[in-house]
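Enquirer: This is the content of start08.cif (mmCIF, C-alpha atoms and all ligand atoms):
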```cif
data_coords
#
loop_
_atom_site.group_PDB
_atom_site.id
_atom_site.type_symbol
_atom_site.label_atom_id
_atom_site.label_comp_id
_atom_site.auth_asym_id
_atom_site.auth_seq_id
_atom_site.Cartn_x
_atom_site.Cartn_y
_atom_site.Cartn_z
ATOM 1 C CA MET B 1 -10.789 -18.569 -2.882
ATOM 2 C CA LYS B 2 -10.889 -15.112 -1.349
ATOM 3 C CA LYS B 3 -7.493 -13.391 -1.296
ATOM 4 C CA PRO B 4 -6.018 -12.692 2.123
ATOM 5 C CA LYS B 5 -6.427 -9.255 3.627
ATOM 6 C CA LEU B 6 -3.294 -7.175 3.308
ATOM 7 C CA VAL B 7 -1.691 -5.022 6.011
ATOM 8 C CA VAL B 8 1.309 -2.973 4.916
ATOM 9 C CA ALA B 9 3.648 -1.090 7.245
ATOM 10 C CA ASN B 10 5.085 1.976 5.544
ATOM 11 C CA TRP B 11 7.957 3.010 7.788
ATOM 12 C CA LYS B 12 8.770 5.951 5.495
ATOM 13 C CA MET B 13 12.136 7.651 6.252
ATOM 14 C CA ASN B 14 12.242 6.372 9.829
ATOM 15 C CA LEU B 15 14.462 3.922 11.732
ATOM 16 C CA SER B 16 18.138 3.066 11.394
ATOM 17 C CA VAL B 17 19.074 -0.449 10.310
ATOM 18 C CA HIS B 18 19.536 -1.347 13.964
ATOM 19 C CA GLN B 19 16.199 0.154 15.040
ATOM 20 C CA ALA B 20 14.405 -1.604 12.185
ATOM 21 C CA SER B 21 15.876 -4.891 13.255
ATOM 22 C CA LEU B 22 14.745 -4.315 16.854
ATOM 23 C CA LEU B 23 11.222 -3.506 15.659
ATOM 24 C CA VAL B 24 11.049 -6.687 13.584
ATOM 25 C CA ASN B 25 12.186 -8.609 16.628
ATOM 26 C CA LYS B 26 9.410 -7.148 18.759
ATOM 27 C CA LEU B 27 6.822 -7.673 16.029
ATOM 28 C CA ASP B 28 7.861 -11.254 15.650
ATOM 29 C CA LYS B 29 6.965 -11.898 19.283
ATOM 30 C CA LYS B 30 3.585 -10.156 19.011
ATOM 31 C CA VAL B 31 2.293 -11.178 15.596
ATOM 32 C CA GLN B 32 0.674 -14.536 14.974
ATOM 33 C CA PRO B 33 0.602 -15.829 11.407
ATOM 34 C CA HIS B 34 -2.940 -15.989 9.974
ATOM 35 C CA ARG B 35 -3.736 -17.467 6.598
ATOM 36 C CA SER B 36 -6.336 -14.768 6.041
ATOM 37 C CA VAL B 37 -3.960 -11.838 6.649
ATOM 38 C CA GLU B 38 -0.774 -11.062 4.741
ATOM 39 C CA VAL B 39 1.593 -8.691 6.529
ATOM 40 C CA VAL B 40 4.111 -6.647 4.557
ATOM 41 C CA LEU B 41 6.893 -4.434 5.908
ATOM 42 C CA ALA B 42 8.200 -1.509 3.860
ATOM 43 C CA PRO B 43 11.398 -0.240 5.510
ATOM 44 C CA SER B 44 13.923 2.107 3.910
ATOM 45 C CA TYR B 45 16.085 0.650 1.136
ATOM 46 C CA LEU B 46 18.984 0.322 3.577
ATOM 47 C CA CYS B 47 17.133 -2.154 5.737
ATOM 48 C CA LEU B 48 15.844 -4.449 3.006
ATOM 49 C CA GLN B 49 18.921 -6.649 2.698
ATOM 50 C CA PRO B 50 19.474 -7.256 6.430
ATOM 51 C CA LEU B 51 15.754 -7.704 7.123
ATOM 52 C CA SER B 52 15.442 -10.202 4.290
ATOM 53 C CA HIS B 53 17.635 -12.503 6.411
ATOM 54 C CA GLU B 54 15.871 -11.735 9.677
ATOM 55 C CA ILE B 55 12.158 -11.970 8.975
ATOM 56 C CA ASP B 56 10.088 -15.061 9.526
ATOM 57 C CA ARG B 57 8.643 -15.556 6.051
ATOM 58 C CA ARG B 58 5.537 -17.243 7.380
ATOM 59 C CA LYS B 59 4.659 -13.923 9.007
ATOM 60 C CA PHE B 60 6.162 -11.130 6.956
ATOM 61 C CA ARG B 61 6.976 -10.092 3.421
ATOM 62 C CA LEU B 62 9.015 -7.101 2.327
ATOM 63 C CA ALA B 63 8.150 -4.122 0.163
ATOM 64 C CA ALA B 64 10.244 -1.265 -1.191
ATOM 65 C CA GLN B 65 8.854 2.232 -0.686
ATOM 66 C CA ASP B 66 9.709 3.223 -4.257
ATOM 67 C CA GLY B 67 11.941 2.236 -7.167
ATOM 68 C CA TYR B 68 13.372 3.713 -10.357
ATOM 69 C CA PRO B 69 11.815 2.594 -13.634
ATOM 70 C CA ILE B 70 15.008 2.191 -15.681
ATOM 71 C CA ASP B 71 16.734 -1.122 -15.001
ATOM 72 C CA GLY B 72 20.317 0.145 -14.718
ATOM 73 C CA GLY B 73 22.840 2.747 -15.850
ATOM 74 C CA ALA B 74 24.125 6.221 -15.022
ATOM 75 C CA TYR B 75 21.403 7.372 -12.617
ATOM 76 C CA THR B 76 23.300 8.449 -9.513
ATOM 77 C CA GLY B 77 21.481 7.784 -6.280
ATOM 78 C CA ALA B 78 18.659 5.761 -7.798
ATOM 79 C CA ILE B 79 17.688 2.169 -7.044
ATOM 80 C CA SER B 80 15.854 0.281 -9.770
ATOM 81 C CA PHE B 81 13.089 -2.281 -9.517
ATOM 82 C CA ASN B 82 15.501 -4.538 -11.337
ATOM 83 C CA GLN B 83 17.933 -4.273 -8.408
ATOM 84 C CA LEU B 84 15.093 -4.900 -5.962
ATOM 85 C CA ARG B 85 13.600 -7.869 -7.727
ATOM 86 C CA ASP B 86 15.006 -10.680 -5.575
ATOM 87 C CA LEU B 87 14.649 -8.753 -2.362
ATOM 88 C CA VAL B 88 11.017 -7.656 -2.213
ATOM 89 C CA HIS B 89 7.589 -9.028 -3.025
ATOM 90 C CA TYR B 90 5.920 -5.641 -3.317
ATOM 91 C CA ALA B 91 6.744 -2.000 -3.993
ATOM 92 C CA ILE B 92 4.778 1.060 -2.945
ATOM 93 C CA ILE B 93 4.424 3.270 -6.010
ATOM 94 C CA GLY B 94 3.095 6.813 -6.358
ATOM 95 C CA HIS B 95 2.866 7.607 -2.652
ATOM 96 C CA SER B 96 1.600 11.166 -2.184
ATOM 97 C CA GLU B 97 4.849 12.093 -0.420
ATOM 98 C CA ARG B 98 6.757 11.094 -3.575
ATOM 99 C CA ARG B 99 4.307 13.003 -5.746
ATOM 100 C CA ARG B 100 4.557 16.068 -3.509
ATOM 101 C CA TYR B 101 8.186 16.288 -2.336
ATOM 102 C CA PHE B 102 9.833 14.663 -5.360
ATOM 103 C CA ASN B 103 7.537 16.076 -8.027
ATOM 104 C CA GLU B 104 6.514 12.685 -9.345
ATOM 105 C CA GLY B 105 3.970 13.131 -12.091
ATOM 106 C CA LEU B 106 1.421 10.752 -13.552
ATOM 107 C CA GLU B 107 3.721 9.505 -16.326
ATOM 108 C CA LEU B 108 6.597 8.661 -14.004
ATOM 109 C CA VAL B 109 4.226 6.722 -11.767
ATOM 110 C CA ARG B 110 2.942 4.888 -14.859
ATOM 111 C CA ASP B 111 6.509 3.955 -15.868
ATOM 112 C CA LYS B 112 7.293 2.765 -12.362
ATOM 113 C CA MET B 113 4.229 0.530 -12.372
ATOM 114 C CA ALA B 114 5.268 -1.079 -15.645
ATOM 115 C CA SER B 115 8.857 -1.508 -14.497
ATOM 116 C CA ALA B 116 7.856 -3.118 -11.197
ATOM 117 C CA VAL B 117 5.577 -5.572 -12.992
ATOM 118 C CA ARG B 118 8.270 -6.354 -15.569
ATOM 119 C CA ASN B 119 10.618 -7.171 -12.695
ATOM 120 C CA ASN B 120 8.113 -9.453 -10.963
ATOM 121 C CA ILE B 121 7.398 -7.042 -8.136
ATOM 122 C CA LEU B 122 3.771 -6.491 -7.197
ATOM 123 C CA PRO B 123 2.912 -2.787 -7.124
ATOM 124 C CA ILE B 124 0.946 -1.139 -4.346
ATOM 125 C CA LEU B 125 -0.297 1.905 -6.220
ATOM 126 C CA CYS B 126 -1.181 4.862 -3.977
ATOM 127 C CA VAL B 127 -3.855 7.312 -5.060
ATOM 128 C CA GLY B 128 -5.706 10.056 -3.244
ATOM 129 C CA GLU B 129 -6.814 13.660 -3.352
ATOM 130 C CA THR B 130 -5.477 16.653 -1.430
ATOM 131 C CA TRP B 131 -7.588 18.771 0.896
ATOM 132 C CA GLU B 132 -7.933 21.493 -1.757
ATOM 133 C CA GLU B 133 -9.012 18.987 -4.382
ATOM 134 C CA ARG B 134 -11.556 17.543 -1.983
ATOM 135 C CA ASN B 135 -12.994 20.979 -1.271
ATOM 136 C CA LEU B 136 -13.194 21.723 -4.973
ATOM 137 C CA LYS B 137 -15.094 18.430 -5.370
ATOM 138 C CA GLU B 138 -12.348 17.091 -7.621
ATOM 139 C CA THR B 139 -11.844 13.789 -5.825
ATOM 140 C CA LYS B 140 -13.348 11.684 -8.596
ATOM 141 C CA ILE B 141 -11.403 13.309 -11.390
ATOM 142 C CA VAL B 142 -8.135 13.102 -9.423
ATOM 143 C CA LEU B 143 -8.650 9.420 -8.666
ATOM 144 C CA HIS B 144 -9.649 8.773 -12.259
ATOM 145 C CA ASP B 145 -6.497 10.408 -13.647
ATOM 146 C CA GLN B 146 -4.192 8.733 -11.132
ATOM 147 C CA VAL B 147 -5.648 5.248 -11.606
ATOM 148 C CA ILE B 148 -6.086 5.335 -15.368
ATOM 149 C CA THR B 149 -2.617 6.709 -16.100
ATOM 150 C CA ALA B 150 -0.836 4.417 -13.653
ATOM 151 C CA LEU B 151 -2.443 1.278 -15.078
ATOM 152 C CA SER B 152 -2.343 2.264 -18.723
ATOM 153 C CA ASN B 153 0.797 0.340 -19.744
ATOM 154 C CA LEU B 154 -0.213 -2.914 -18.104
ATOM 155 C CA THR B 155 -2.206 -5.902 -19.328
ATOM 156 C CA SER B 156 -5.248 -7.535 -17.787
ATOM 157 C CA GLU B 157 -2.948 -10.372 -16.736
ATOM 158 C CA ASP B 158 -0.813 -7.903 -14.780
ATOM 159 C CA MET B 159 -3.948 -6.939 -12.891
ATOM 160 C CA GLN B 160 -4.316 -10.329 -11.216
ATOM 161 C CA ASP B 161 -2.355 -9.377 -8.115
ATOM 162 C CA MET B 162 -2.790 -5.627 -8.287
ATOM 163 C CA VAL B 163 -3.058 -3.628 -5.079
ATOM 164 C CA ILE B 164 -4.320 -0.046 -4.964
ATOM 165 C CA ALA B 165 -4.254 2.014 -1.781
ATOM 166 C CA TYR B 166 -6.688 4.882 -1.351
ATOM 167 C CA GLU B 167 -4.800 7.429 0.735
ATOM 168 C CA PRO B 168 -6.537 10.801 0.951
ATOM 169 C CA VAL B 169 -3.615 13.171 1.436
ATOM 170 C CA TRP B 170 -5.527 15.198 4.037
ATOM 171 C CA ALA B 171 -5.904 12.165 6.296
ATOM 172 C CA ILE B 172 -2.222 11.194 6.322
ATOM 173 C CA GLY B 173 -0.159 11.703 9.463
ATOM 174 C CA GLY B 174 -3.002 12.602 11.809
ATOM 175 C CA HIS B 175 -5.326 10.784 14.167
ATOM 176 C CA ASP B 176 -8.478 11.149 12.176
ATOM 177 C CA PRO B 177 -9.030 8.826 9.219
ATOM 178 C CA ALA B 178 -11.501 9.544 6.435
ATOM 179 C CA LYS B 179 -15.106 8.655 7.249
ATOM 180 C CA PRO B 180 -16.310 5.205 6.191
ATOM 181 C CA GLU B 181 -18.722 6.751 3.681
ATOM 182 C CA ASP B 182 -15.875 8.721 2.025
ATOM 183 C CA ILE B 183 -13.763 5.590 1.866
ATOM 184 C CA ALA B 184 -16.667 3.568 0.454
ATOM 185 C CA ARG B 185 -17.273 6.117 -2.305
ATOM 186 C CA ALA B 186 -13.607 6.248 -3.285
ATOM 187 C CA VAL B 187 -13.203 2.469 -3.250
ATOM 188 C CA GLU B 188 -16.239 1.990 -5.440
ATOM 189 C CA TRP B 189 -14.973 4.598 -7.875
ATOM 190 C CA ILE B 190 -11.464 3.093 -8.033
ATOM 191 C CA ARG B 191 -12.878 -0.368 -8.707
ATOM 192 C CA TYR B 192 -15.077 1.093 -11.385
ATOM 193 C CA GLN B 193 -12.001 2.566 -13.130
ATOM 194 C CA VAL B 194 -10.285 -0.810 -13.054
ATOM 195 C CA LYS B 195 -13.394 -2.450 -14.482
ATOM 196 C CA ASP B 196 -13.610 0.139 -17.210
ATOM 197 C CA LEU B 197 -10.006 -0.521 -18.242
ATOM 198 C CA TYR B 198 -9.612 -4.252 -17.720
ATOM 199 C CA GLY B 199 -13.045 -5.763 -17.075
ATOM 200 C CA GLN B 200 -14.983 -7.266 -14.219
ATOM 201 C CA LYS B 201 -12.486 -10.003 -13.348
ATOM 202 C CA ALA B 202 -9.669 -7.496 -12.859
ATOM 203 C CA ALA B 203 -11.970 -5.288 -10.786
ATOM 204 C CA ASP B 204 -12.889 -8.235 -8.560
ATOM 205 C CA ASN B 205 -9.252 -9.277 -8.221
ATOM 206 C CA VAL B 206 -7.710 -5.956 -7.273
ATOM 207 C CA ARG B 207 -7.185 -5.534 -3.543
ATOM 208 C CA ILE B 208 -7.962 -2.039 -2.338
ATOM 209 C CA LEU B 209 -6.386 -0.751 0.876
ATOM 210 C CA TYR B 210 -7.097 2.331 2.920
ATOM 211 C CA GLY B 211 -4.269 4.486 4.295
ATOM 212 C CA GLY B 212 -4.379 7.674 6.382
ATOM 213 C CA SER B 213 -4.328 7.747 10.209
ATOM 214 C CA ASP B 214 -4.871 4.001 10.511
ATOM 215 C CA GLU B 215 -4.770 3.410 14.257
ATOM 216 C CA PRO B 216 -6.009 0.350 16.182
ATOM 217 C CA GLU B 217 -9.262 1.968 17.350
ATOM 218 C CA PHE B 218 -10.391 2.676 13.775
ATOM 219 C CA VAL B 219 -9.594 -0.713 12.265
ATOM 220 C CA SER B 220 -12.976 -2.377 12.659
ATOM 221 C CA SER B 221 -14.971 0.530 11.208
ATOM 222 C CA ILE B 222 -12.612 0.878 8.228
ATOM 223 C CA MET B 223 -12.544 -2.843 7.552
ATOM 224 C CA GLU B 224 -16.336 -2.890 7.552
ATOM 225 C CA VAL B 225 -16.378 -0.674 4.482
ATOM 226 C CA ASP B 226 -17.532 -2.638 1.464
ATOM 227 C CA GLY B 227 -14.677 -3.525 -0.860
ATOM 228 C CA ILE B 228 -11.834 -2.725 1.539
ATOM 229 C CA ASP B 229 -9.182 -5.461 1.558
ATOM 230 C CA GLY B 230 -6.661 -4.094 4.007
ATOM 231 C CA LEU B 231 -4.672 -1.163 5.325
ATOM 232 C CA LEU B 232 -1.552 0.813 4.457
ATOM 233 C CA VAL B 233 -0.308 1.983 7.833
ATOM 234 C CA GLY B 234 2.129 4.839 8.466
ATOM 235 C CA HIS B 235 3.036 6.090 11.956
ATOM 236 C CA ALA B 236 1.163 3.395 13.868
ATOM 237 C CA SER B 237 3.324 0.750 12.181
ATOM 238 C CA LEU B 238 6.392 2.130 13.972
ATOM 239 C CA ASP B 239 4.980 0.959 17.298
ATOM 240 C CA SER B 240 5.079 -2.827 17.632
ATOM 241 C CA GLN B 241 2.047 -3.021 19.932
ATOM 242 C CA GLN B 242 -0.101 -0.737 17.799
ATOM 243 C CA PHE B 243 0.838 -2.516 14.602
ATOM 244 C CA ALA B 244 0.228 -5.942 16.135
ATOM 245 C CA ASP B 245 -3.170 -4.707 17.350
ATOM 246 C CA ILE B 246 -3.994 -3.466 13.849
ATOM 247 C CA ILE B 247 -3.105 -6.848 12.337
ATOM 248 C CA GLU B 248 -5.225 -8.622 14.926
ATOM 249 C CA GLY B 249 -8.094 -6.206 14.248
ATOM 250 C CA VAL B 250 -7.920 -6.964 10.526
ATOM 251 C CA TYR B 251 -7.871 -10.681 11.286
ATOM 252 C CA LEU B 252 -10.920 -10.417 13.551
ATOM 253 C CA SER B 253 -12.873 -8.402 11.023
ATOM 254 C CA ALA B 254 -12.093 -10.984 8.324
ATOM 255 C CA LEU B 255 -13.220 -13.681 10.732
ATOM 256 C CA GLY B 256 -16.425 -11.751 11.388
ATOM 257 C CA ARG B 257 -17.133 -11.733 7.656
ATOM 258 C CA GLY B 258 -16.550 -15.444 7.410
ATOM 259 C CA GLU B 259 -13.216 -14.918 5.654
ATOM 260 C CA GLY B 260 -10.947 -15.899 8.530
HETATM 261 P P1 LIG H 301 -0.244 7.590 8.528
HETATM 262 O O1 LIG H 301 -0.763 6.221 8.924
HETATM 263 O O2 LIG H 301 0.887 8.064 9.379
HETATM 264 O O3 LIG H 301 -1.360 8.563 8.402
HETATM 265 O O4 LIG H 301 0.404 7.440 7.069
HETATM 266 C C1 LIG H 301 -0.355 6.864 6.076
HETATM 267 C C2 LIG H 301 0.543 6.632 4.920
HETATM 268 O O5 LIG H 301 0.974 7.576 4.282
HETATM 269 C C3 LIG H 301 0.889 5.244 4.605
HETATM 270 O O6 LIG H 301 1.487 5.145 3.361
#
```
Take the structure I supplied and represent it as structure tokens, if you would.
Expert:
Amino acid sequence: MKKPKLVVANWKMNLSVHQASLLVNKLDKKVQPHRSVEVVLAPSYLCLQPLSHEIDRRKFRLAAQDGYPIDGGAYTGAISFNQLRDLVHYAIIGHSERRRYFNEGLELVRDKMASAVRNNILPILCVGETWEERNLKETKIVLHDQVITALSNLTSEDMQDMVIAYEPVWAIGGHDPAKPEDIARAVEWIRYQVKDLYGQKAADNVRILYGGSDEPEFVSSIMEVDGIDGLLVGHASLDSQQFADIIEGVYLSALGRGEG
């Protein structure tokens, strides 16, 4: 059976606990559960515990936006995947904002991937090139390095439920997503890396998302791209109507492909 499409709301460092709860309340009224679409909310760490009691689990799952790879100990300010394990289904790992503002390198991302998997949390690995790298025609090499390193301490079994999000850094936070042909090229290349490492079955199983200026009007053209299995949504996920429209758009495009 085809896996459901996946729509992830990355709320980043936005919303107080109270505001997050209000947003979930509004979303709950607007979002219909569909078997063909899985919806995941990634609020700040602070909101995970309260929201875990508030969400309707037929409609929503929770993700952490990050996690620390060591299970426990003297690491002031950190939160480990081990501490998150009963709270979240997924964790976003290697987001470009972590790589850029927190200097996360390839090896740390690799260790986070392994730690999440070890703690039964499904990783949503983010990869993508910067504007400079794109202009230097380095997209393929950047994606290769990010994917290969991040997956290198896993097994083919760990790949069963793997999610990789292609997020070109230059398309994040604007109103202009990457063109479908750019997305198609990147998705094909990412899948090829997975195949190279873990074989055809793993490549078929991995769900690949697109992130970067996902807004309702672009959903159908992005979801038409071959090999795209969902969206990782930033700013538009902070607006209940926009996010509900995005989910509905993903549902309709799955339906149009006979996967609804
Ligand atoms: P925007 O949707 O705001 O461009 O953010 C994308 C993103 O970074 C999701 O992780």
Enquirer: Hey, which residues come within 8 Å of ligand LIG 301 (chain H) if we count all atoms listed in the file? Could you give them as a list in words?
Expert: Ala9, Asn10, Lys12, His95, Ser96, Glu97, Cys126, Glu167, Val169, Ala171, Ile172, Gly173, Gly174, His175, Pro177, Gly211, Gly212, Ser213, Asp214, Glu215, Leu232, Val233, Gly234, His235, Ala236 and Ser237 of chain B
Enquirer: Keeping only C-alpha atoms, write the selected residues to a file as a CSV table (one decimal), in the coordinates of the input.
Expert:
```csv
chain,number,residue,atom,x,y,z
B,9,ALA,CA,3.6,-1.1,7.2
B,10,ASN,CA,5.1,2.0,5.5
B,12,LYS,CA,8.8,6.0,5.5
B,95,HIS,CA,2.9,7.6,-2.7
B,96,SER,CA,1.6,11.2,-2.2
B,97,GLU,CA,4.8,12.1,-0.4
B,126,CYS,CA,-1.2,4.9,-4.0
B,167,GLU,CA,-4.8,7.4,0.7
B,169,VAL,CA,-3.6,13.2,1.4
B,171,ALA,CA,-5.9,12.2,6.3
B,172,ILE,CA,-2.2,11.2,6.3
B,173,GLY,CA,-0.2,11.7,9.5
B,174,GLY,CA,-3.0,12.6,11.8
B,175,HIS,CA,-5.3,10.8,14.2
B,177,PRO,CA,-9.0,8.8,9.2
B,211,GLY,CA,-4.3,4.5,4.3
B,212,GLY,CA,-4.4,7.7,6.4
B,213,SER,CA,-4.3,7.7,10.2
B,214,ASP,CA,-4.9,4.0,10.5
B,215,GLU,CA,-4.8,3.4,14.3
B,232,LEU,CA,-1.6,0.8,4.5
B,233,VAL,CA,-0.3,2.0,7.8
B,234,GLY,CA,2.1,4.8,8.5
B,235,HIS,CA,3.0,6.1,12.0
B,236,ALA,CA,1.2,3.4,13.9
B,237,SER,CA,3.3,0.8,12.2
```
Enquirer: Calculate how many Å separate atom CA of Gly249 of chain B from atom CA of Ile124 of chain B, rounding to one decimal.
Expert: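 These two atoms are separated by 21.3 Å.
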Enquirer: Could you produce a table of the residues of segment 180-216 of chain B lying within 9 Å of segment 140-156 of chain B, with the nearest pair of atoms per residue and their separation in Å rounded to one decimal, using only C-alpha atoms, ordered by chain and increasing residue number, as a Markdown table?
Expert:
```
| residue | atom | partner | partner_atom | distance |
| --- | --- | --- | --- | --- |
| B:Ala186 | CA | B:Lys140 | CA | 7.6 |
| B:Trp189 | CA | B:Lys140 | CA | 7.3 |
| B:Ile190 | CA | B:Leu143 | CA | 7.0 |
| B:Gln193 | CA | B:His144 | CA | 6.7 |
| B:Val194 | CA | B:Val147 | CA | 7.8 |
| B:Leu197 | CA | B:Ile148 | CA | 7.6 |
| B:Tyr198 | CA | B:Ser156 | CA | 5.5 |
| B:Gly199 | CA | B:Ser156 | CA | 8.0 |
| B:Lys201 | CA | B:Ser156 | CA | 8.8 |
| B:Ala202 | CA | B:Ser156 | CA | 6.6 |
```
Enquirer: Give as a list in words each residue that has an atom at most 8 Å from (-7.9, 11.0, -0.7) in the file, counting only C-alpha atoms.
Expert: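 Neighbouring residues, ordered by chain and number, come to Val127, Gly128, Glu129, Thr130, Trp131, Arg134, Thr139, Tyr166, Glu167, Pro168, Val169, Trp170, Ala171 and Ala186 of chain B.
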Enquirer: Just to confirm, what's the straight-line distance from atom CA of Val17 of chain B to atom CA of Pro123 of chain B in Å (one decimal)?
Expert: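 Taking atom CA of Val17 of chain B as the start and atom CA of Pro123 of chain B as the end point, the length is 23.9 Å.
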Enquirer: Would you mind reading off the distance between atom CA of Lys59 of chain B and atom CA of Gln32 of chain B, one decimal, in Å?
Expert: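 Interatomic distance here is 7.2 Å.
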Enquirer: Expand the PyMOL selection byres (((chain B and resi 228) around 10) and not hetatm) into the individual residues it matches in the shown file, reporting them as an MDAnalysis selection string.
Expert: chainID B and resid 5:6 165:166 183:184 187:188 207:210 222:227 229:231
Enquirer: Point out the residue among B:Ile164, B:Leu238, B:Val219, B:Leu252 with the least atom-to-atom distance to Ala42 of chain B, counting only C-alpha atoms.
Expert: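 Going through B:Ile164, B:Leu238, B:Val219, B:Leu252 one by one, the smallest distance to Ala42 of chain B is for B:Leu238.
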Enquirer: Is it possible to get the residues within 9 Å of (17.7, -0.7, -1.2) (coordinates as in the file, counting all atoms listed in the file) written as a list in words?
Expert: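 Output: Ser44, Tyr45, Leu46, Cys47, Leu48, Gln49, Ala64, Gly67, Ile79, Ser80, Gln83, Leu84 and Leu87 of chain B.
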